[in-house]
$ cat input_30.cif   # mmCIF, C-alpha atoms (C1' of nucleotides)
data_entry
#
loop_
_atom_site.label_atom_id
_atom_site.label_comp_id
_atom_site.auth_asym_id
_atom_site.auth_seq_id
_atom_site.Cartn_x
_atom_site.Cartn_y
_atom_site.Cartn_z
CA MET A 1 -8.17 -33.56 -13.16
CA SER A 2 -9.33 -30.01 -13.73
CA LYS A 3 -12.01 -27.54 -12.78
CA THR A 4 -13.06 -29.30 -9.61
CA ASP A 5 -13.78 -25.92 -8.15
CA SER A 6 -15.37 -23.62 -10.64
CA LEU A 7 -18.57 -25.31 -11.66
CA PRO A 8 -21.52 -23.08 -11.00
CA ASP A 9 -23.56 -26.28 -11.15
CA GLU A 10 -22.01 -27.24 -7.89
CA ALA A 11 -23.59 -24.30 -6.13
CA TYR A 12 -26.93 -24.93 -7.80
CA SER A 13 -27.09 -28.52 -6.63
CA ALA A 14 -26.14 -27.39 -3.15
CA LEU A 15 -29.13 -25.07 -3.09
CA GLU A 16 -31.37 -27.80 -4.40
CA ARG A 17 -30.53 -29.76 -1.30
CA LEU A 18 -31.05 -26.77 0.99
CA TYR A 19 -34.47 -25.61 -0.11
CA ASP A 20 -37.81 -27.17 -0.89
CA ASP A 21 -38.31 -24.68 -3.68
CA PRO A 22 -34.76 -24.04 -4.89
CA GLU A 23 -35.84 -22.41 -8.14
CA GLU A 24 -37.38 -19.49 -6.35
CA ARG A 25 -34.37 -18.93 -4.11
CA ILE A 26 -32.00 -19.15 -7.07
CA ALA A 27 -34.03 -16.61 -9.01
CA THR A 28 -34.01 -14.29 -6.00
CA LEU A 29 -30.25 -14.58 -5.63
CA GLN A 30 -29.61 -13.97 -9.30
CA ASP A 31 -31.77 -10.88 -9.09
CA ILE A 32 -29.48 -9.30 -6.52
CA ARG A 33 -27.80 -7.05 -9.01
CA PRO A 34 -27.23 -3.68 -7.44
CA SER A 35 -27.04 -0.91 -10.00
CA GLU A 36 -23.65 -1.09 -11.65
CA GLN A 37 -23.34 2.64 -11.28
CA ASP A 38 -23.97 2.56 -7.55
CA VAL A 39 -21.39 -0.14 -7.00
CA ALA A 40 -18.87 1.60 -9.26
CA GLY A 41 -19.24 4.83 -7.34
CA GLN A 42 -18.78 3.16 -3.99
CA GLU A 43 -15.81 1.26 -5.33
CA THR A 44 -14.12 4.48 -6.44
CA VAL A 45 -14.59 6.04 -3.02
CA PHE A 46 -13.40 3.03 -1.06
CA LYS A 47 -10.41 2.38 -3.32
CA ALA A 48 -9.34 5.98 -2.83
CA LEU A 49 -9.62 5.55 0.93
CA GLY A 50 -7.81 2.21 1.01
CA ASN A 51 -4.28 3.57 1.07
CA GLU A 52 -2.13 4.63 4.00
CA ASP A 53 -0.68 7.74 2.38
CA ARG A 54 -4.08 9.00 1.35
CA LEU A 55 -5.50 8.38 4.80
CA ARG A 56 -2.66 10.43 6.23
CA ILE A 57 -3.40 13.24 3.78
CA LEU A 58 -7.03 13.27 4.91
CA SER A 59 -5.87 13.25 8.48
CA ALA A 60 -3.80 16.37 7.77
CA LEU A 61 -6.62 18.08 5.91
CA ARG A 62 -8.83 17.38 8.90
CA GLU A 63 -6.71 19.91 10.78
CA SER A 64 -6.67 22.55 8.07
CA GLU A 65 -6.56 23.26 4.38
CA CYS A 66 -3.09 22.52 3.00
CA CYS A 67 -1.23 23.26 -0.20
CA GLY A 68 0.58 20.53 -2.11
CA CYS A 69 4.04 21.35 -0.82
CA GLU A 70 2.82 21.12 2.75
CA LEU A 71 1.49 17.66 2.12
CA GLN A 72 4.88 16.63 0.74
CA ILE A 73 6.26 17.30 4.18
CA VAL A 74 3.42 15.47 5.92
CA LEU A 75 4.04 12.34 3.86
CA ASP A 76 7.76 12.82 3.36
CA ALA A 77 7.25 11.72 -0.24
CA PRO A 78 8.24 13.18 -3.61
CA GLN A 79 6.04 15.72 -5.31
CA SER A 80 4.74 13.49 -8.09
CA THR A 81 3.69 10.83 -5.61
CA VAL A 82 1.74 13.33 -3.54
CA ALA A 83 0.15 14.85 -6.62
CA THR A 84 -1.02 11.43 -7.78
CA HIS A 85 -2.62 10.70 -4.43
CA LEU A 86 -4.37 14.06 -4.46
CA ARG A 87 -5.76 13.41 -7.90
CA LYS A 88 -7.24 10.10 -6.73
CA LEU A 89 -8.84 11.73 -3.71
CA LYS A 90 -10.25 14.44 -5.91
CA GLU A 91 -11.65 12.05 -8.50
CA ALA A 92 -13.39 10.15 -5.72
CA GLY A 93 -15.02 13.35 -4.50
CA LEU A 94 -13.24 13.26 -1.14
CA VAL A 95 -11.32 16.51 -1.48
CA LYS A 96 -11.71 19.75 -3.36
CA SER A 97 -9.02 22.17 -4.42
CA ARG A 98 -8.65 25.82 -5.20
CA LYS A 99 -5.82 27.50 -7.00
CA LYS A 100 -4.18 30.63 -5.64
CA GLY A 101 -1.25 31.88 -7.65
CA LYS A 102 1.22 29.08 -8.06
CA TRP A 103 -0.30 27.14 -5.19
CA SER A 104 -3.07 24.56 -5.08
CA TYR A 105 -4.88 24.35 -1.78
CA TYR A 106 -6.70 21.16 -0.84
CA ARG A 107 -9.51 20.66 1.62
CA ILE A 108 -11.92 17.90 2.58
CA ALA A 109 -14.97 18.04 0.34
CA ASP A 110 -17.71 17.22 2.81
CA THR A 111 -18.33 16.27 6.41
CA ALA A 112 -19.44 12.88 5.13
CA VAL A 113 -15.74 12.13 4.71
CA PHE A 114 -15.17 12.60 8.44
CA GLU A 115 -18.03 10.23 9.10
CA LEU A 116 -16.56 7.60 6.81
CA LEU A 117 -13.20 7.79 8.56
CA ASP A 118 -14.78 7.59 12.00
CA LEU A 119 -17.01 4.67 11.09
CA ALA A 120 -14.11 2.67 9.69
CA HIS A 121 -12.17 3.35 12.83
CA ALA A 122 -15.06 2.21 15.00
CA ILE A 123 -15.55 -0.99 13.02
CA GLN A 124 -11.95 -2.05 13.32
CA GLU A 125 -11.88 -1.30 17.03
CA ASP A 126 -13.95 -4.30 17.94
CA VAL A 127 -12.59 -6.93 15.58
CA MET B 128 19.96 14.60 -14.83
CA SER B 129 18.27 12.67 -12.04
CA LYS B 130 16.11 13.12 -8.98
CA THR B 131 14.73 16.45 -10.03
CA ASP B 132 11.55 15.48 -8.32
CA SER B 133 12.17 13.75 -5.05
CA LEU B 134 14.13 16.24 -2.98
CA PRO B 135 12.30 16.88 0.27
CA ASP B 136 14.42 20.05 0.43
CA GLU B 137 12.34 21.39 -2.41
CA ALA B 138 9.21 21.33 -0.29
CA TYR B 139 11.02 22.87 2.64
CA SER B 140 12.22 25.82 0.63
CA ALA B 141 8.73 26.27 -0.77
CA LEU B 142 7.37 26.61 2.73
CA GLU B 143 10.12 29.01 3.63
CA ARG B 144 8.81 31.28 0.96
CA LEU B 145 5.21 30.84 2.05
CA TYR B 146 5.48 31.58 5.75
CA ASP B 147 7.13 34.19 7.93
CA ASP B 148 7.88 31.50 10.50
CA PRO B 149 8.34 28.39 8.36
CA GLU B 150 10.02 26.41 11.11
CA GLU B 151 6.87 26.36 13.17
CA ARG B 152 4.67 25.33 10.28
CA ILE B 153 7.08 22.59 9.27
CA ALA B 154 7.18 21.25 12.81
CA THR B 155 3.38 21.25 12.92
CA LEU B 156 3.15 19.37 9.63
CA GLN B 157 5.70 16.79 10.65
CA ASP B 158 3.75 16.23 13.84
CA ILE B 159 0.69 15.15 11.91
CA ARG B 160 1.29 11.49 12.49
CA PRO B 161 -1.97 9.78 13.15
CA SER B 162 -1.55 6.65 15.20
CA GLU B 163 -0.20 3.94 12.92
CA GLN B 164 -2.75 1.57 14.38
CA ASP B 165 -5.68 3.84 13.60
CA VAL B 166 -4.60 4.28 10.01
CA ALA B 167 -3.87 0.58 9.59
CA GLY B 168 -7.34 -0.31 10.84
CA GLN B 169 -9.05 2.15 8.52
CA GLU B 170 -6.92 0.92 5.65
CA THR B 171 -7.99 -2.67 6.25
CA VAL B 172 -11.66 -1.70 6.25
CA PHE B 173 -11.47 0.47 3.15
CA LYS B 174 -9.36 -2.01 1.19
CA ALA B 175 -11.93 -4.70 1.94
CA LEU B 176 -14.68 -2.39 0.69
CA GLY B 177 -12.81 -1.33 -2.44
CA ASN B 178 -13.78 -4.26 -4.63
CA GLU B 179 -16.82 -4.77 -6.79
CA ASP B 180 -17.41 -8.42 -5.89
CA ARG B 181 -17.21 -7.70 -2.19
CA LEU B 182 -19.58 -4.76 -2.51
CA ARG B 183 -22.03 -7.06 -4.25
CA ILE B 184 -21.70 -9.60 -1.46
CA LEU B 185 -22.54 -6.90 1.08
CA SER B 186 -25.44 -5.84 -1.06
CA ALA B 187 -26.77 -9.40 -0.95
CA LEU B 188 -26.22 -9.70 2.79
CA ARG B 189 -28.14 -6.49 3.22
CA GLU B 190 -31.22 -8.44 2.13
CA SER B 191 -30.62 -11.47 4.31
CA GLU B 192 -28.06 -13.77 5.82
CA CYS B 193 -26.59 -16.07 3.15
CA CYS B 194 -24.52 -19.22 3.10
CA GLY B 195 -21.42 -19.52 0.97
CA CYS B 196 -23.03 -21.50 -1.81
CA GLU B 197 -25.74 -18.87 -2.20
CA LEU B 198 -23.13 -16.17 -2.64
CA GLN B 199 -21.51 -18.23 -5.37
CA ILE B 200 -24.72 -17.79 -7.30
CA VAL B 201 -24.94 -14.08 -6.55
CA LEU B 202 -21.44 -13.48 -7.89
CA ASP B 203 -21.44 -16.26 -10.47
CA ALA B 204 -17.89 -17.03 -9.37
CA PRO B 205 -16.07 -20.18 -8.28
CA GLN B 206 -16.16 -21.30 -4.68
CA SER B 207 -12.55 -20.45 -3.83
CA THR B 208 -12.94 -16.92 -5.15
CA VAL B 209 -16.03 -16.32 -3.05
CA ALA B 210 -14.40 -17.83 0.02
CA THR B 211 -11.41 -15.54 -0.38
CA HIS B 212 -13.64 -12.47 -0.57
CA LEU B 213 -15.55 -13.58 2.49
CA ARG B 214 -12.34 -14.02 4.44
CA LYS B 215 -11.28 -10.46 3.61
CA LEU B 216 -14.63 -9.07 4.67
CA LYS B 217 -14.43 -11.02 7.90
CA GLU B 218 -10.89 -9.93 8.68
CA ALA B 219 -11.96 -6.33 8.22
CA GLY B 220 -14.79 -6.79 10.69
CA LEU B 221 -17.47 -6.15 8.09
CA VAL B 222 -19.21 -9.52 8.27
CA LYS B 223 -19.60 -12.26 10.83
CA SER B 224 -20.27 -15.92 10.23
CA ARG B 225 -21.82 -18.84 12.00
CA LYS B 226 -21.46 -22.48 11.18
CA LYS B 227 -24.48 -24.75 10.97
CA GLY B 228 -23.72 -28.27 9.94
CA LYS B 229 -21.75 -28.21 6.73
CA TRP B 230 -22.86 -24.68 5.99
CA SER B 231 -21.32 -21.33 6.88
CA TYR B 232 -23.79 -18.49 7.09
CA TYR B 233 -22.61 -14.93 6.65
CA ARG B 234 -24.21 -11.73 7.84
CA ILE B 235 -23.27 -8.06 8.08
CA ALA B 236 -21.46 -7.43 11.33
CA ASP B 237 -22.89 -4.07 12.30
CA THR B 238 -25.23 -1.33 11.13
CA ALA B 239 -22.13 0.86 10.78
CA VAL B 240 -21.45 -1.08 7.59
CA PHE B 241 -24.74 0.12 6.10
CA GLU B 242 -23.80 3.67 7.02
CA LEU B 243 -20.42 3.33 5.30
CA LEU B 244 -22.04 2.07 2.11
CA ASP B 245 -24.64 4.83 2.13
CA LEU B 246 -22.10 7.58 2.78
CA ALA B 247 -19.88 6.41 -0.06
CA HIS B 248 -22.85 6.39 -2.34
CA ALA B 249 -23.84 9.91 -1.30
CA ILE B 250 -20.34 11.26 -1.82
CA GLN B 251 -20.06 9.94 -5.34
CA GLU B 252 -23.48 11.23 -6.25
CA ASP B 253 -22.37 14.83 -6.38
CA VAL B 254 -18.96 14.52 -7.96
"C1'" DC C 255 -15.16 -45.75 8.57
"C1'" DA C 256 -15.95 -44.79 3.60
"C1'" DT C 257 -18.04 -41.44 0.94
"C1'" DA C 258 -20.14 -37.09 -0.20
"C1'" DT C 259 -20.50 -32.34 0.44
"C1'" DG C 260 -19.73 -27.42 1.79
"C1'" DA C 261 -16.10 -24.58 2.99
"C1'" DA C 262 -11.19 -23.03 3.87
"C1'" DT C 263 -6.54 -22.76 2.40
"C1'" DC C 264 -2.64 -22.85 -0.80
"C1'" DG C 265 0.11 -21.50 -4.71
"C1'" DA C 266 1.22 -19.49 -8.94
"C1'" DG C 267 0.01 -16.81 -12.92
"C1'" DA C 268 -2.57 -12.58 -14.26
"C1'" DA C 269 -4.15 -8.09 -13.44
"C1'" DA C 270 -4.24 -3.80 -11.01
"C1'" DA C 271 -2.28 -0.24 -8.20
"C1'" DT C 272 1.70 2.29 -6.68
"C1'" DA C 273 6.13 4.83 -6.75
"C1'" DC C 274 8.70 8.19 -8.70
"C1'" DG C 275 12.05 10.33 -12.24
"C1'" DA C 276 11.38 12.91 -16.23
"C1'" DT C 277 8.88 16.22 -18.37
"C1'" DA C 278 5.09 19.47 -19.27
"C1'" DT C 279 2.10 23.29 -17.76
"C1'" DG C 280 0.92 27.59 -15.88
"C1'" DA C 281 1.69 31.47 -12.82
"C1'" DT C 282 4.99 35.18 -11.22
"C1'" DG C 283 8.59 38.37 -11.06
"C1'" DG C 284 12.43 40.33 -12.99
"C1'" DC D 285 10.36 36.98 -22.75
"C1'" DC D 286 13.31 34.50 -19.60
"C1'" DA D 287 14.03 32.21 -15.27
"C1'" DT D 288 11.95 30.26 -11.37
"C1'" DC D 289 8.82 27.83 -8.89
"C1'" DA D 290 4.51 24.97 -7.58
"C1'" DT D 291 1.89 21.49 -9.77
"C1'" DA D 292 0.25 18.19 -13.05
"C1'" DT D 293 0.98 14.47 -16.11
"C1'" DC D 294 3.45 10.62 -18.26
"C1'" DG D 295 5.95 6.26 -18.62
"C1'" DT D 296 7.47 2.32 -16.61
"C1'" DA D 297 9.53 -0.60 -13.03
"C1'" DT D 298 7.98 -2.50 -8.87
"C1'" DT D 299 4.72 -4.07 -5.55
"C1'" DT D 300 0.30 -5.59 -4.25
"C1'" DT D 301 -3.94 -7.69 -5.04
"C1'" DC D 302 -6.88 -10.90 -7.37
"C1'" DT D 303 -8.20 -15.20 -9.54
"C1'" DC D 304 -9.08 -19.84 -9.43
"C1'" DG D 305 -7.63 -24.94 -9.83
"C1'" DA D 306 -5.97 -28.11 -6.58
"C1'" DT D 307 -5.92 -29.64 -2.16
"C1'" DT D 308 -7.16 -30.01 2.58
"C1'" DC D 309 -10.48 -29.77 6.35
"C1'" DA D 310 -14.84 -30.54 8.69
"C1'" DT D 311 -19.38 -32.35 9.06
"C1'" DA D 312 -22.89 -35.49 7.94
"C1'" DT D 313 -24.71 -39.91 6.40
"C1'" DG D 314 -25.03 -44.63 5.05
#

$ encode --input "input_30.cif" --output "structure tokens"
Amino acid sequence: MSKTDSLPDEAYSALERLYDDPEERIATLQDIRPSEQDVAGQETVFKALGNEDRLRILSALRESECCGCELQIVLDAPQSTVATHLRKLKEAGLVKSRKKGKWSYYRIADTAVFELLDLAHAIQEDV
Amino acid sequence: MSKTDSLPDEAYSALERLYDDPEERIATLQDIRPSEQDVAGQETVFKALGNEDRLRILSALRESECCGCELQIVLDAPQSTVATHLRKLKEAGLVKSRKKGKWSYYRIADTAVFELLDLAHAIQEDV
DNA sequence: CATATGAATCGAGAAAATACGATATGATGG
DNA sequence: CCATCATATCGTATTTTCTCGATTCATATG
């Protein structure tokens, strides 16, 4: 037998047993469509943060601005790997960079980034 | 030729050109080792948040507590998919659940979760 | 206790993210 | 200009995550 699991109908009939006026509740639920843009933006930020190496980069930048070659030492990873991580962080708006001669210096873009890191830490503490 | 890119030595010699006392700077950088546990916890939280479906679940829970079958309607996804997302959110400490009869009701675990969502939104706004 | 129902778990194929060598780019100093 | 060096980008092999049907589990009800 197939598709025992995917029927949306299944969920509808469940709601019809739960509520006196299921139609209204179903309409309400279907209307929960947060702006695609909002969700996409949040997703970009959280995906960028959801990686050990990138969290360690942010941890280093919390101390001070660093150039790319310094971050290679922090991560003990090859240059192209570090550069890729930095690009992701930059695209997400978490870090900014400035160029000085041959060097690119990276810094945390905003104090909101510190807050994000601290909140995540706090949440996991009491799991 | 091979491994033109991965030599850690390369980064070391770069720093030796950058600083008068490179040894000290290198030692400082290598010491930036945030507690593995801290980073792992943050990573779990941010990985859980870095997914469109899960962000939409949180968006729905922001309105009100929901049971599993209601979230199936919100996402328009099969039951096992929704259940898997909910497990991830729970493991990360982002939602809590209570069982009532056959139903499992989910709710956001802490106001810190709202703050995370809002901060991420704010950061992406000015990228 | 048989059946129905909502939810949790499992497993395997599909999709996405990551790692990293090779190469390209752009600045600097002879 | 040519060589060197710090970065950035590209291509692809590898790893991780996601999806979702099937199955199992738990609760309720006749």

$ closest_residue --input "input_30.cif" --among "C:DC255, C:DA281, C:DA261, C:DA269" --to "DA310 of chain D" --atoms "all atoms listed in the file"
C:DA261

$ closest_atom_pairs --input "input_30.cif" --of "chain B" --to "chain D" --cutoff "7 Å" --atoms "all atoms listed in the file" --output "CSV"
residue,atom,partner,partner_atom,distance
B:Ser207,CA,D:DC304,C1',6.6
B:Thr208,CA,D:DC304,C1',6.5
B:Gly228,CA,D:DT311,C1',6.0
B:Lys229,CA,D:DT311,C1',5.3

$ atom_distance --input "input_30.cif" --atom1 "atom CA of Val74 of chain A" --atom2 "atom CA of Val45 of chain A"
22.2 Å

$ atom_distance --input "input_30.cif" --atom1 "atom CA of Ile26 of chain A" --atom2 "atom CA of Arg225 of chain B"
21.6 Å

$ closest_residue --input "input_30.cif" --among "B:Arg183, B:Arg214, B:Tyr232, B:Gly220" --to "Leu202 of chain B" --atoms "all atoms listed in the file"
B:Arg183

$ interface_residues --input "input_30.cif" --of "chain A" --to "chain B" --cutoff "6 Å" --atoms "only C-alpha atoms" --output "list in words"
Ser6, Ala11, Leu29, Gln30, Gly41, Gln42, Glu43, Phe46, Lys47, Leu49, Gly50, Asn51, Cys69, Val74, Pro78, Gly93, Leu116, Ala120, His121, Gln124 and Val127 of chain A

$ interface_residues --input "input_30.cif" --of "chain C" --to "chain A" --cutoff "12 Å" --atoms "only C-alpha atoms (C1' of nucleotides)" --output "list in words"
DA258, DT259, DG260, DA261, DA270, DA271, DT272, DA273, DC274, DG275, DA276, DT277, DT279, DG280, DA281 and DT282 of chain C

$ atom_distance --input "input_30.cif" --atom1 "atom CA of Arg189 of chain B" --atom2 "atom CA of Ala210 of chain B"
18.1 Å

$ axis_aligned_box --input "input_30.cif" --around "segment 71-76 of chain A" --padding-each-side "6 Å" --output "lines of an AutoDock Vina configuration file"
center_x = 4.6
center_y = 15.0
center_z = 3.3
size_x = 18.3
size_y = 17.3
size_z = 17.2
